[in-house]
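K.L.:
model_21.cif is the file, holding mmCIF, C-alpha atoms:
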```
data_upload
#
loop_
_atom_site.label_atom_id
_atom_site.label_comp_id
_atom_site.auth_asym_id
_atom_site.auth_seq_id
_atom_site.Cartn_x
_atom_site.Cartn_y
_atom_site.Cartn_z
CA MET J 1343 116.35 99.22 70.92
CA LYS J 1344 112.67 98.80 70.28
CA THR J 1345 110.69 100.97 67.89
CA LEU J 1346 109.30 103.15 70.68
CA GLU J 1347 112.80 103.65 72.03
CA PHE J 1348 114.04 104.68 68.57
CA LYS J 1349 111.24 107.23 68.30
CA ALA J 1350 111.99 108.63 71.75
CA TYR J 1351 115.70 108.70 70.92
CA ASP J 1352 115.04 110.59 67.67
CA ILE J 1353 112.78 113.10 69.41
CA LEU J 1354 115.34 113.74 72.14
CA GLN J 1355 118.14 114.25 69.61
CA LYS J 1356 115.87 116.62 67.70
CA TYR J 1357 115.72 118.78 70.83
CA SER J 1358 119.53 118.85 71.19
CA PHE J 1359 119.96 116.05 73.73
CA SER J 1360 123.32 114.36 73.52
CA LYS J 1361 123.43 110.67 72.66
CA GLU J 1362 124.41 109.77 76.23
CA ASP J 1363 121.68 111.96 77.78
CA ALA J 1364 119.04 110.54 75.45
CA GLU J 1365 120.07 106.96 76.22
CA ALA J 1366 120.19 107.70 79.95
CA LEU J 1367 116.72 109.26 79.88
CA ILE J 1368 115.28 106.36 77.87
CA GLU J 1369 116.86 103.85 80.26
CA TYR J 1370 115.45 105.75 83.25
CA MET J 1371 112.00 105.80 81.68
CA LYS J 1372 112.17 102.05 81.02
CA GLU J 1373 113.11 101.34 84.63
CA ALA J 1374 110.50 103.73 86.02
CA SER J 1375 107.78 102.23 83.83
CA LYS J 1376 108.60 98.73 85.08
CA GLU J 1377 107.83 99.83 88.62
CA GLU J 1378 104.72 101.85 87.89
CA VAL J 1379 103.02 99.93 85.08
CA ALA J 1380 100.69 97.11 86.06
CA THR J 1381 101.52 93.76 84.55
CA LYS J 1382 99.28 90.84 83.76
CA SER J 1383 100.37 89.11 86.96
CA ASP J 1384 99.51 92.26 88.93
CA PHE J 1385 95.98 92.08 87.53
CA GLN J 1386 95.75 88.38 88.32
CA ILE J 1387 96.77 89.05 91.92
CA LEU J 1388 94.27 91.89 92.09
CA ASN J 1389 91.53 89.64 90.70
CA LYS J 1390 92.29 86.98 93.33
CA ARG J 1391 92.15 89.59 96.08
CA MET J 1392 88.86 90.92 94.71
CA ASP J 1393 87.45 87.38 94.60
CA ASN J 1394 88.50 86.82 98.21
CA PHE J 1395 86.98 90.16 99.18
CA ASP J 1396 83.76 89.27 97.33
CA ASN J 1397 83.58 85.94 99.17
CA GLU J 1398 84.12 87.71 102.50
CA LEU J 1399 81.33 90.16 101.66
CA LYS J 1400 78.99 87.29 100.81
CA LEU J 1401 79.81 85.66 104.14
CA ILE J 1402 79.17 88.91 106.01
CA ARG J 1403 75.85 89.35 104.17
CA MET J 1404 74.76 85.86 105.19
CA GLU J 1405 75.74 86.53 108.81
CA VAL J 1406 73.79 89.80 108.81
CA LYS J 1407 70.76 88.11 107.25
CA ASN J 1408 70.89 85.40 109.93
CA ALA J 1409 71.15 88.02 112.66
CA VAL J 1410 68.18 89.92 111.23
CA LEU J 1411 66.15 86.72 111.06
CA GLU J 1412 66.99 85.96 114.69
CA VAL J 1413 65.89 89.45 115.73
CA LYS J 1414 62.66 89.15 113.73
CA THR J 1415 61.93 85.79 115.34
CA SER J 1416 62.58 87.21 118.77
CA ILE J 1417 60.31 90.19 118.13
CA ILE J 1418 57.50 87.94 116.89
CA GLN J 1419 57.85 85.73 119.96
CA TRP J 1420 57.63 88.75 122.25
CA MET J 1421 54.63 90.14 120.38
CA VAL J 1422 52.77 86.82 120.55
CA GLY J 1423 53.57 86.55 124.25
CA LEU J 1424 52.35 90.09 124.89
CA LEU J 1425 49.20 89.47 122.84
CA ILE J 1426 48.40 86.37 124.88
CA GLY J 1427 49.11 88.37 128.06
CA GLN J 1428 46.77 91.17 126.94
CA ILE J 1429 44.01 88.70 126.13
CA ALA J 1430 44.46 87.10 129.56
CA VAL J 1431 44.30 90.53 131.25
CA ILE J 1432 41.18 91.47 129.29
CA PHE J 1433 39.42 88.20 130.21
CA THR J 1434 40.47 88.61 133.83
CA ILE J 1435 39.05 92.15 133.93
CA LEU J 1436 35.86 90.98 132.25
CA LYS J 1437 35.55 88.11 134.72
CA ILE J 1438 36.14 90.39 137.72
CA THR J 1439 33.58 92.90 136.47
CA GLY J 1440 31.05 90.14 136.04
CA VAL J 1441 30.67 90.20 132.24
CA PHE J 1442 31.61 86.50 132.09
#
```
Turn the structure described in the file into structure tokens.
P.N.:
Amino acid sequence: MKTLEFKAYDILQKYSFSKEDAEALIEYMKEASKEEVATKSDFQILNKRMDNFDNELKLIRMEVKNAVLEVKTSIIQWMVGLLIGQIAVIFTILKITGVF
């Protein structure tokens, strides 16, 4: 037994647990802790997943930025076209009215 197990064993015997019950409880706790405690490899796997997720987020950000740039370009093109159209309409009206 390890030191922590000895301490747990002593505490359980202090509270009137039988030797078999104390050993069974300690064994159960060891098995349960193996399933619920994160290990170094668990953290490595988690770090890899987080890195992959971070890379995916960066890719999505770039795609969104590109989409925004395309929309901005389209809006500017429409605005320039409408401005030219307005100028043409104004000159046409001025020409019809005889100002030019």
K.L.:
Distance atom CA of J:Leu1367-atom CA of J:Asp1384, one decimal place?
P.N.:
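Between atom CA of J:Leu1367 and atom CA of J:Asp1384 the gap works out to 25.8 Å.
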K.L.:
Between atom CA of J:Val1431 and atom CA of J:Ile1418, what is the distance in Å, rounded to a tenth?
P.N.:
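Between atom CA of J:Val1431 and atom CA of J:Ile1418 the gap is 19.7 Å.
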K.L.:
State, in Å with one decimal place, the distance from atom CA of J:Gly1440 to atom CA of J:Leu1425.
P.N.:
22.5 Å
K.L.:
Calculated over all atoms listed in the file, which of the candidates J:Asp1393, J:Ile1368, J:Asp1363, J:Ile1438 has the smallest distance to J:Lys1349?
P.N.:
J:Ile1368
K.L.:
For J:Lys1372, which residue out of J:Ala1350, J:Val1422, J:Leu1388, J:Leu1399 is the nearest one, using only C-alpha atoms?
P.N.:
J:Ala1350
